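Student: Provided herewith: protein34.pdb, PDB, C-alpha atoms.
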ATOM      1  CA  VAL A  30      23.940   5.689   6.942
ATOM      2  CA  ARG A  31      25.561   8.429   4.876
ATOM      3  CA  SER A  32      24.786  11.014   7.574
ATOM      4  CA  VAL A  33      26.290   8.855  10.303
ATOM      5  CA  LEU A  34      29.457   8.115   8.300
ATOM      6  CA  SER A  35      29.827  11.783   7.364
ATOM      7  CA  GLY A  36      29.664  12.750  11.042
ATOM      8  CA  MET A  37      32.217  10.080  11.980
ATOM      9  CA  PHE A  38      34.718  11.159   9.313
ATOM     10  CA  ALA A  39      34.177  14.844  10.147
ATOM     11  CA  GLU A  40      35.130  14.042  13.750
ATOM     12  CA  ALA A  41      38.136  12.032  12.540
ATOM     13  CA  GLN A  42      39.190  14.933  10.348
ATOM     14  CA  ARG A  43      39.102  17.321  13.322
ATOM     15  CA  TYR A  44      41.516  14.994  15.152
ATOM     16  CA  ASP A  45      43.773  14.715  12.051
ATOM     17  CA  ALA A  46      43.045  10.997  11.741
ATOM     18  CA  VAL A  47      42.140  11.531   8.067
ATOM     19  CA  ILE A  48      43.030  14.295   5.629
ATOM     20  CA  THR A  49      39.617  14.675   4.015
ATOM     21  CA  ASN A  50      36.075  13.491   4.583
ATOM     22  CA  PRO A  51      35.507  10.909   1.806
ATOM     23  CA  VAL A  52      31.769  10.746   2.436
ATOM     24  CA  THR A  53      31.245  14.245   1.023
ATOM     25  CA  ALA A  54      32.098  12.863  -2.449
ATOM     26  CA  THR A  55      29.421  10.165  -2.295
ATOM     27  CA  ARG A  56      25.836  10.325  -3.458
ATOM     28  CA  VAL A  57      22.917   8.262  -2.220
ATOM     29  CA  PRO A  58      21.450   6.390  -5.210
ATOM     30  CA  LYS A  59      17.895   7.331  -5.976
ATOM     31  CA  ARG A  60      15.464   4.504  -5.432
ATOM     32  CA  ALA A  61      13.081   3.872  -8.289
ATOM     33  CA  LYS A  62       9.511   4.483  -7.196
ATOM     34  CA  SER A  63       7.308   1.440  -7.557
ATOM     35  CA  GLU A  64       4.079   2.119  -9.401
ATOM     36  CA  ILE A  65       1.017   1.966  -7.182
ATOM     37  CA  ARG A  66      -1.895   0.266  -8.905
ATOM     38  CA  ALA A  67      -5.546   0.565  -8.053
ATOM     39  CA  MET A  68      -7.539  -2.444  -6.864
ATOM     40  CA  SER A  69     -10.568  -3.786  -8.635
ATOM     41  CA  PHE A  70     -13.849  -3.942  -6.733
ATOM     42  CA  ASP A  71     -13.513  -7.716  -6.280
ATOM     43  CA  GLU A  72      -9.917  -7.350  -5.075
ATOM     44  CA  PHE A  73     -10.921  -4.768  -2.497
ATOM     45  CA  MET A  74     -13.825  -6.855  -1.220
ATOM     46  CA  GLY A  75     -11.560  -9.892  -0.949
ATOM     47  CA  MET A  76      -8.944  -7.889   0.941
ATOM     48  CA  ARG A  77     -11.537  -6.446   3.279
ATOM     49  CA  ALA A  78     -13.057  -9.876   3.938
ATOM     50  CA  HIS A  79      -9.584 -11.139   4.875
ATOM     51  CA  ALA A  80      -9.086  -8.208   7.273
ATOM     52  CA  GLU A  81     -12.533  -8.689   8.798
ATOM     53  CA  GLU A  82     -11.838 -12.380   9.443
ATOM     54  CA  ARG A  83      -8.443 -11.629  11.026
ATOM     55  CA  LEU A  84      -9.942  -8.924  13.253
ATOM     56  CA  LYS A  85     -13.050 -10.857  14.280
ATOM     57  CA  PRO A  86     -13.467 -10.601  18.094
ATOM     58  CA  LEU A  87     -12.401 -13.771  19.872
ATOM     59  CA  THR A  88     -14.799 -15.706  22.083
ATOM     60  CA  ARG A  89     -13.935 -16.139  25.750
ATOM     61  CA  GLU A  90     -12.971 -19.742  25.061
ATOM     62  CA  GLU A  91     -10.623 -18.700  22.234
ATOM     63  CA  ARG A  92      -8.979 -16.032  24.384
ATOM     64  CA  LEU A  93      -8.564 -18.516  27.230
ATOM     65  CA  ALA A  94      -7.000 -21.070  24.873
ATOM     66  CA  ARG A  95      -4.604 -18.399  23.540
ATOM     67  CA  ALA A  96      -3.587 -17.694  27.172
ATOM     68  CA  ASN A  97      -2.925 -21.420  27.711
ATOM     69  CA  GLY A  98      -5.806 -21.645  30.164
ATOM     70  CA  ASP A  99      -4.485 -18.885  32.433
ATOM     71  CA  VAL A 100      -7.310 -16.392  33.080
ATOM     72  CA  ARG A 101      -4.805 -13.798  34.342
ATOM     73  CA  ARG A 102      -3.133 -13.698  30.928
ATOM     74  CA  MET A 103      -6.314 -13.215  28.926
ATOM     75  CA  GLY A 104      -6.072  -9.418  29.045
ATOM     76  CA  GLY A 105      -8.938  -6.977  29.186
ATOM     77  CA  ALA A 106      -9.158  -5.857  25.544
ATOM     78  CA  ASN A 107     -10.370  -8.009  22.677
ATOM     79  CA  ARG A 108      -9.336  -7.521  19.055
ATOM     80  CA  ALA A 109      -9.843  -3.861  18.152
ATOM     81  CA  GLN A 110     -12.040  -3.006  15.162
ATOM     82  CA  THR A 111     -10.280   0.314  14.529
ATOM     83  CA  PRO A 112      -8.002  -1.046  11.731
ATOM     84  CA  LEU A 113     -11.067  -2.270   9.834
ATOM     85  CA  ASP A 114     -12.801   1.085  10.331
ATOM     86  CA  VAL A 115      -9.668   2.845   9.053
ATOM     87  CA  ILE A 116      -9.751   0.647   5.928
ATOM     88  CA  ASP A 117     -13.381   1.627   5.347
ATOM     89  CA  PHE A 118     -12.612   5.319   5.809
ATOM     90  CA  LEU A 119      -9.582   5.135   3.500
ATOM     91  CA  ILE A 120     -11.619   3.619   0.662
ATOM     92  CA  ALA A 121     -14.563   5.936   1.372
ATOM     93  CA  THR A 122     -12.559   9.158   1.109
ATOM     94  CA  GLY A 123      -9.173   8.553  -0.520
ATOM     95  CA  ALA A 124      -7.567  10.453   2.355
ATOM     96  CA  ARG A 125      -4.039   9.706   3.560
ATOM     97  CA  ALA A 126      -3.693   7.414   6.570
ATOM     98  CA  SER A 127      -2.125  10.182   8.674
ATOM     99  CA  GLU A 128      -5.105  12.429   7.802
ATOM    100  CA  VAL A 129      -7.568   9.712   8.786
ATOM    101  CA  LEU A 130      -5.847   9.410  12.160
ATOM    102  CA  GLY A 131      -6.025  13.209  12.554
ATOM    103  CA  LEU A 132      -9.797  13.370  12.039
ATOM    104  CA  CYS A 133     -11.702  14.936  14.965
ATOM    105  CA  TRP A 134     -15.428  14.738  15.643
ATOM    106  CA  GLU A 135     -15.812  18.493  15.199
ATOM    107  CA  ASP A 136     -14.906  17.927  11.532
ATOM    108  CA  VAL A 137     -17.498  15.167  11.015
ATOM    109  CA  HIS A 138     -20.935  16.263   9.739
ATOM    110  CA  LEU A 139     -23.416  13.410   9.357
ATOM    111  CA  ASP A 140     -26.840  15.031   9.645
ATOM    112  CA  GLY A 141     -27.075  17.123   6.468
ATOM    113  CA  ASP A 142     -28.434  16.139   3.069
ATOM    114  CA  VAL A 143     -24.869  15.248   2.060
ATOM    115  CA  PRO A 144     -22.826  13.891   5.009
ATOM    116  CA  PHE A 145     -19.193  15.035   4.809
ATOM    117  CA  VAL A 146     -15.918  15.357   6.692
ATOM    118  CA  ARG A 147     -13.467  18.240   6.812
ATOM    119  CA  ILE A 148      -9.871  17.118   6.262
ATOM    120  CA  HIS A 149      -7.300  19.685   7.384
ATOM    121  CA  GLN A 150      -4.894  18.011   9.832
ATOM    122  CA  GLN A 151      -2.859  14.871  10.355
ATOM    123  CA  VAL A 152      -1.043  12.978  13.111
ATOM    124  CA  ILE A 153       2.762  13.267  12.949
ATOM    125  CA  ARG A 154       5.612  12.498  15.349
ATOM    126  CA  GLU A 155       7.863  15.413  16.322
ATOM    127  CA  LYS A 156      11.266  14.838  17.846
ATOM    128  CA  GLU A 157      10.682  16.772  21.055
ATOM    129  CA  ARG A 158       6.890  16.561  21.524
ATOM    130  CA  GLY A 159       6.038  13.069  20.291
ATOM    131  CA  LEU A 160       2.692  12.568  18.531
ATOM    132  CA  VAL A 161       0.923  15.816  17.664
ATOM    133  CA  LEU A 162      -1.810  17.118  15.373
ATOM    134  CA  ALA A 163      -0.446  19.215  12.504
ATOM    135  CA  PRO A 164      -1.753  20.702   9.222
ATOM    136  CA  THR A 165      -2.071  18.363   6.239
ATOM    137  CA  LYS A 166       0.820  17.780   3.856
ATOM    138  CA  GLU A 167      -0.342  20.533   1.469
ATOM    139  CA  ARG A 168      -1.701  22.625   4.352
ATOM    140  CA  ASP A 169      -5.064  22.638   2.600
ATOM    141  CA  VAL A 170      -8.670  22.058   3.684
ATOM    142  CA  ARG A 171     -10.790  19.474   1.856
ATOM    143  CA  LEU A 172     -14.495  18.738   2.289
ATOM    144  CA  LEU A 173     -15.199  15.123   1.334
ATOM    145  CA  ALA A 174     -18.683  13.648   0.895
ATOM    146  CA  LEU A 175     -19.279  10.302   2.602
ATOM    147  CA  PRO A 176     -20.898   7.154   1.199
ATOM    148  CA  GLY A 177     -23.511   5.387   3.311
ATOM    149  CA  PHE A 178     -21.246   2.651   4.692
ATOM    150  CA  ALA A 179     -18.834   5.256   6.059
ATOM    151  CA  VAL A 180     -21.697   7.160   7.698
ATOM    152  CA  GLU A 181     -22.869   3.959   9.418
ATOM    153  CA  MET A 182     -19.347   3.213  10.648
ATOM    154  CA  LEU A 183     -18.897   6.736  12.042
ATOM    155  CA  ARG A 184     -22.263   6.662  13.810
ATOM    156  CA  ARG A 185     -21.215   3.415  15.480
ATOM    157  CA  ARG A 186     -17.929   4.962  16.583
ATOM    158  CA  GLN A 187     -19.770   7.938  18.104
ATOM    159  CA  SER A 188     -20.874   5.622  20.914
ATOM    160  CA  LEU A 189     -17.273   4.824  21.908
ATOM    161  CA  PRO A 190     -15.607   6.589  24.893
ATOM    162  CA  GLY A 191     -14.294  10.071  24.117
ATOM    163  CA  ASN A 192     -10.681  11.237  24.346
ATOM    164  CA  ALA A 193      -8.754  14.420  25.069
ATOM    165  CA  TRP A 194      -8.382  15.391  21.382
ATOM    166  CA  GLY A 195     -11.889  14.543  20.224
ATOM    167  CA  GLU A 196     -10.302  12.027  17.849
ATOM    168  CA  VAL A 197     -12.399   9.624  15.778
ATOM    169  CA  PHE A 198      -9.744   6.913  15.451
ATOM    170  CA  THR A 199      -7.512   6.154  18.457
ATOM    171  CA  ASN A 200      -5.287   3.303  19.612
ATOM    172  CA  VAL A 201      -6.259   0.667  22.200
ATOM    173  CA  ARG A 202      -5.389   3.116  25.029
ATOM    174  CA  ASN A 203      -7.654   5.770  23.467
ATOM    175  CA  ASN A 204      -4.654   7.962  22.627
ATOM    176  CA  LEU A 205      -3.406   9.367  19.319
ATOM    177  CA  PHE A 206      -2.703   6.518  16.886
ATOM    178  CA  ASP A 207       0.913   6.534  15.657
ATOM    179  CA  PRO A 208       0.940   6.212  11.821
ATOM    180  CA  SER A 209       3.992   3.925  12.061
ATOM    181  CA  ASN A 210       2.048   1.614  14.385
ATOM    182  CA  VAL A 211      -0.825   1.548  11.902
ATOM    183  CA  ARG A 212       1.632   0.502   9.187
ATOM    184  CA  LYS A 213       2.892  -2.311  11.441
ATOM    185  CA  VAL A 214      -0.658  -3.482  12.179
ATOM    186  CA  TRP A 215      -1.337  -3.356   8.441
ATOM    187  CA  ARG A 216       1.726  -5.491   7.616
ATOM    188  CA  ASP A 217       0.831  -8.054  10.285
ATOM    189  CA  LEU A 218      -2.757  -8.147   9.046
ATOM    190  CA  PHE A 219      -1.853  -9.107   5.481
ATOM    191  CA  ALA A 220       1.539 -10.822   5.906
ATOM    192  CA  GLY A 221       1.698 -14.142   4.095
ATOM    193  CA  SER A 222      -1.638 -13.581   2.346
ATOM    194  CA  GLU A 223      -2.469 -12.800  -1.274
ATOM    195  CA  TRP A 224      -3.065  -9.206  -0.132
ATOM    196  CA  ALA A 225       0.486  -8.622   1.140
ATOM    197  CA  TRP A 226       1.116  -6.251  -1.802
ATOM    198  CA  VAL A 227      -1.695  -3.905  -0.746
ATOM    199  CA  THR A 228      -0.643  -0.772   1.147
ATOM    200  CA  GLN A 229      -2.540   2.218   2.490
ATOM    201  CA  LYS A 230      -1.453   4.106  -0.636
ATOM    202  CA  THR A 231      -3.090   1.378  -2.727
ATOM    203  CA  LEU A 232      -6.452   2.283  -1.197
ATOM    204  CA  ARG A 233      -5.792   5.989  -1.852
ATOM    205  CA  LYS A 234      -5.065   5.151  -5.507
ATOM    206  CA  THR A 235      -8.174   2.950  -5.670
TER     207      THR A 235
END
Represent the structure from my file as structure tokens, please.
Tutor:
Amino acid sequence: VRSVLSGMFAEAQRYDAVITNPVTATRVPKRAKSEIRAMSFDEFMGMRAHAEERLKPLTREERLARANGDVRRMGGANRAQTPLDVIDFLIATGARASEVLGLCWEDVHLDGDVPFVRIHQQVIREKERGLVLAPTKERDVRLLALPGFAVEMLRRRQSLPGNAWGEVFTNVRNNLFDPSNVRKVWRDLFAGSEWAWVTQKTLRKT
């Protein structure tokens, strides 16, 4: 808002509608950062059970009822399991959500004595190019060991159709997953529940 008002008054100043730009004397108040707390094991399992129930694939009868009996409105895709897999990967590695979405199969190593992933890139949105793969926030490379449940999930995802980027986690159209869309899915998933306070950063802290 400050940027927009500053531009408006700068234009007004050029046309001598005002003497000075009053916005230059203002300061945006700093917002106090809310403390992110870690979840207990029971809290995480409860949250995950809620997500699993909400994402459970619908039967044909349930999909037909949701479409008010119109087969043409049923749609081809059922509820995607990707958000649940992202939750599992977040808790398994402590990686950022944007880094999870930037994970490619060439950076997944499941067959050694210690299965691991190589984290070095993330999905971001650039103004001119849209969604792209870019280096991580610190531009570092991290090798993270995987627990058994994450290995099982990744092996299951290996059987899914491939995509142009070799991405592990994609959207319903098998394209790059926009981090902002993941945040929206997350909010919808937990809205109105006892887990509404949980964010992706909560899992990173946990």
Student: Could you work out how far atom CA of A:Leu132 lies from atom CA of A:Gln151, giving the answer in Å with one decimal?
Tutor: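 Atom-to-atom, atom CA of A:Gln151 and atom CA of A:Leu132 are spaced 7.3 Å apart.
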Student: Check what the PyMOL selection byres ((chain A and resi 175-178) around 6) selects in the file above and give those residues as a list in words.
Tutor: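 For this structure, the PyMOL selection byres ((chain A and resi 175-178) around 6) captures Pro144, Phe145, Ala174, Ala179, Val180 and Glu181 of chain A.
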Student: Evaluate the PyMOL selection byres ((chain A and resi 207) around 12) and record the selected residues as a ChimeraX atom specification, following the chain and residue labels used in the document.
Tutor: /A:126-131,151-155,159-162,198-206,208-214
Student: What's the separation between atom CA of A:Glu135 and atom CA of A:Thr228, in Å to one decimal place?
Tutor: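 Result for atom CA of A:Glu135 versus atom CA of A:Thr228: 28.3 Å, one decimal.
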Student: Select, from A:Asn97, A:Thr165, A:Gln229, A:Gln150, the residue with the minimum atom-to-atom distance to A:Pro112, counting all atoms listed in the file.
Tutor: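 The answer is A:Gln229, which sits nearest to A:Pro112.
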Student: One decimal, in Å: what's the spacing between atom CA of A:Arg158 and atom CA of A:Asn192?
Tutor: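 Separation of atom CA of A:Arg158 and atom CA of A:Asn192: 18.6 Å.
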Student: Please enumerate the residues selected by the PyMOL selection byres ((chain A and resi 73-87) around 10) when evaluated against the supplied file, formatted as a count of residues only.
Tutor: 37
Student: Quick one: of A:Lys166, A:Ala124, A:Thr53, A:Leu172, who's nearest to A:Arg147, counting all atoms listed in the file?
Tutor: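 Once distances to A:Arg147 are computed over all atoms listed in the file, the minimum belongs to A:Leu172.
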Student: Measuring atom to atom with all atoms listed in the file, identify which of A:Asp45, A:Asp136, A:Glu196, A:Glu40 is nearest to A:Arg171.
Tutor: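 Closest residue, counting all atoms listed in the file: A:Asp136.
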Student: Pick out the closest residue to A:Phe118 from this set: A:Arg31, A:Arg233, A:Lys62, A:Arg56. Count only C-alpha atoms.
Tutor: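 Selected residue with least distance to A:Phe118: A:Arg233.
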Student: Which residue out of A:Pro51, A:Ala39, A:Gly98, A:Trp226 has the minimum interatomic distance to A:Ser63 when all atoms listed in the file are used?
Tutor: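 Using all atoms listed in the file, the shortest distance to A:Ser63 belongs to A:Trp226.
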Student: Can you complete the atoms of stretch 156-178 of chain A to N, CA and C atoms and list them as an mmCIF file, in the frame of the given file?
Tutor:
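Final output, saved to out-v8.cif:
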data_model
loop_
_atom_site.group_PDB
_atom_site.id
_atom_site.type_symbol
_atom_site.label_atom_id
_atom_site.label_comp_id
_atom_site.auth_asym_id
_atom_site.auth_seq_id
_atom_site.Cartn_x
_atom_site.Cartn_y
_atom_site.Cartn_z
ATOM 1 N N LYS A 156 10.138 15.338 17.066
ATOM 2 C CA LYS A 156 11.266 14.838 17.846
ATOM 3 C C LYS A 156 11.134 15.146 19.328
ATOM 4 N N GLU A 157 10.731 16.357 19.655
ATOM 5 C CA GLU A 157 10.682 16.772 21.055
ATOM 6 C C GLU A 157 9.332 16.494 21.707
ATOM 7 N N ARG A 158 8.236 16.603 20.945
ATOM 8 C CA ARG A 158 6.890 16.561 21.524
ATOM 9 C C ARG A 158 6.187 15.227 21.361
ATOM 10 N N GLY A 159 6.706 14.337 20.527
ATOM 11 C CA GLY A 159 6.038 13.069 20.291
ATOM 12 C C GLY A 159 4.913 13.229 19.280
ATOM 13 N N LEU A 160 3.817 12.503 19.468
ATOM 14 C CA LEU A 160 2.692 12.568 18.531
ATOM 15 C C LEU A 160 1.908 13.861 18.722
ATOM 16 N N VAL A 161 1.672 14.551 17.616
ATOM 17 C CA VAL A 161 0.923 15.816 17.664
ATOM 18 C C VAL A 161 0.015 15.906 16.443
ATOM 19 N N LEU A 162 -0.972 16.797 16.517
ATOM 20 C CA LEU A 162 -1.810 17.118 15.373
ATOM 21 C C LEU A 162 -1.195 18.297 14.627
ATOM 22 N N ALA A 163 -1.072 18.171 13.316
ATOM 23 C CA ALA A 163 -0.446 19.215 12.504
ATOM 24 C C ALA A 163 -1.239 19.387 11.208
ATOM 25 N N PRO A 164 -1.052 20.515 10.500
ATOM 26 C CA PRO A 164 -1.753 20.702 9.222
ATOM 27 C C PRO A 164 -1.424 19.586 8.229
ATOM 28 N N THR A 165 -2.289 19.389 7.251
ATOM 29 C CA THR A 165 -2.071 18.363 6.239
ATOM 30 C C THR A 165 -0.817 18.652 5.425
ATOM 31 N N LYS A 166 -0.412 17.680 4.625
ATOM 32 C CA LYS A 166 0.820 17.780 3.856
ATOM 33 C C LYS A 166 0.851 19.029 2.982
ATOM 34 N N GLU A 167 -0.271 19.336 2.324
ATOM 35 C CA GLU A 167 -0.342 20.533 1.469
ATOM 36 C C GLU A 167 -0.884 21.739 2.216
ATOM 37 N N ARG A 168 -1.146 21.564 3.519
ATOM 38 C CA ARG A 168 -1.701 22.625 4.352
ATOM 39 C C ARG A 168 -3.011 23.163 3.760
ATOM 40 N N ASP A 169 -3.801 22.229 3.209
ATOM 41 C CA ASP A 169 -5.064 22.638 2.600
ATOM 42 C C ASP A 169 -6.240 22.144 3.443
ATOM 43 N N VAL A 170 -7.434 22.514 3.031
ATOM 44 C CA VAL A 170 -8.670 22.058 3.684
ATOM 45 C C VAL A 170 -9.540 21.423 2.605
ATOM 46 N N ARG A 171 -9.965 20.173 2.834
ATOM 47 C CA ARG A 171 -10.790 19.474 1.856
ATOM 48 C C ARG A 171 -12.088 19.026 2.517
ATOM 49 N N LEU A 172 -13.199 19.228 1.833
ATOM 50 C CA LEU A 172 -14.495 18.738 2.289
ATOM 51 C C LEU A 172 -14.849 17.532 1.431
ATOM 52 N N LEU A 173 -14.984 16.361 2.066
ATOM 53 C CA LEU A 173 -15.199 15.123 1.334
ATOM 54 C C LEU A 173 -16.552 14.514 1.691
ATOM 55 N N ALA A 174 -17.387 14.295 0.681
ATOM 56 C CA ALA A 174 -18.683 13.648 0.895
ATOM 57 C C ALA A 174 -18.476 12.190 1.280
ATOM 58 N N LEU A 175 -19.407 11.658 2.080
ATOM 59 C CA LEU A 175 -19.279 10.302 2.602
ATOM 60 C C LEU A 175 -20.330 9.369 2.008
ATOM 61 N N PRO A 176 -19.914 8.163 1.605
ATOM 62 C CA PRO A 176 -20.898 7.154 1.199
ATOM 63 C C PRO A 176 -21.581 6.569 2.435
ATOM 64 N N GLY A 177 -22.689 5.882 2.203
ATOM 65 C CA GLY A 177 -23.511 5.387 3.311
ATOM 66 C C GLY A 177 -22.789 4.481 4.285
ATOM 67 N N PHE A 178 -21.921 3.582 3.774
ATOM 68 C CA PHE A 178 -21.246 2.651 4.692
ATOM 69 C C PHE A 178 -20.304 3.373 5.642
#
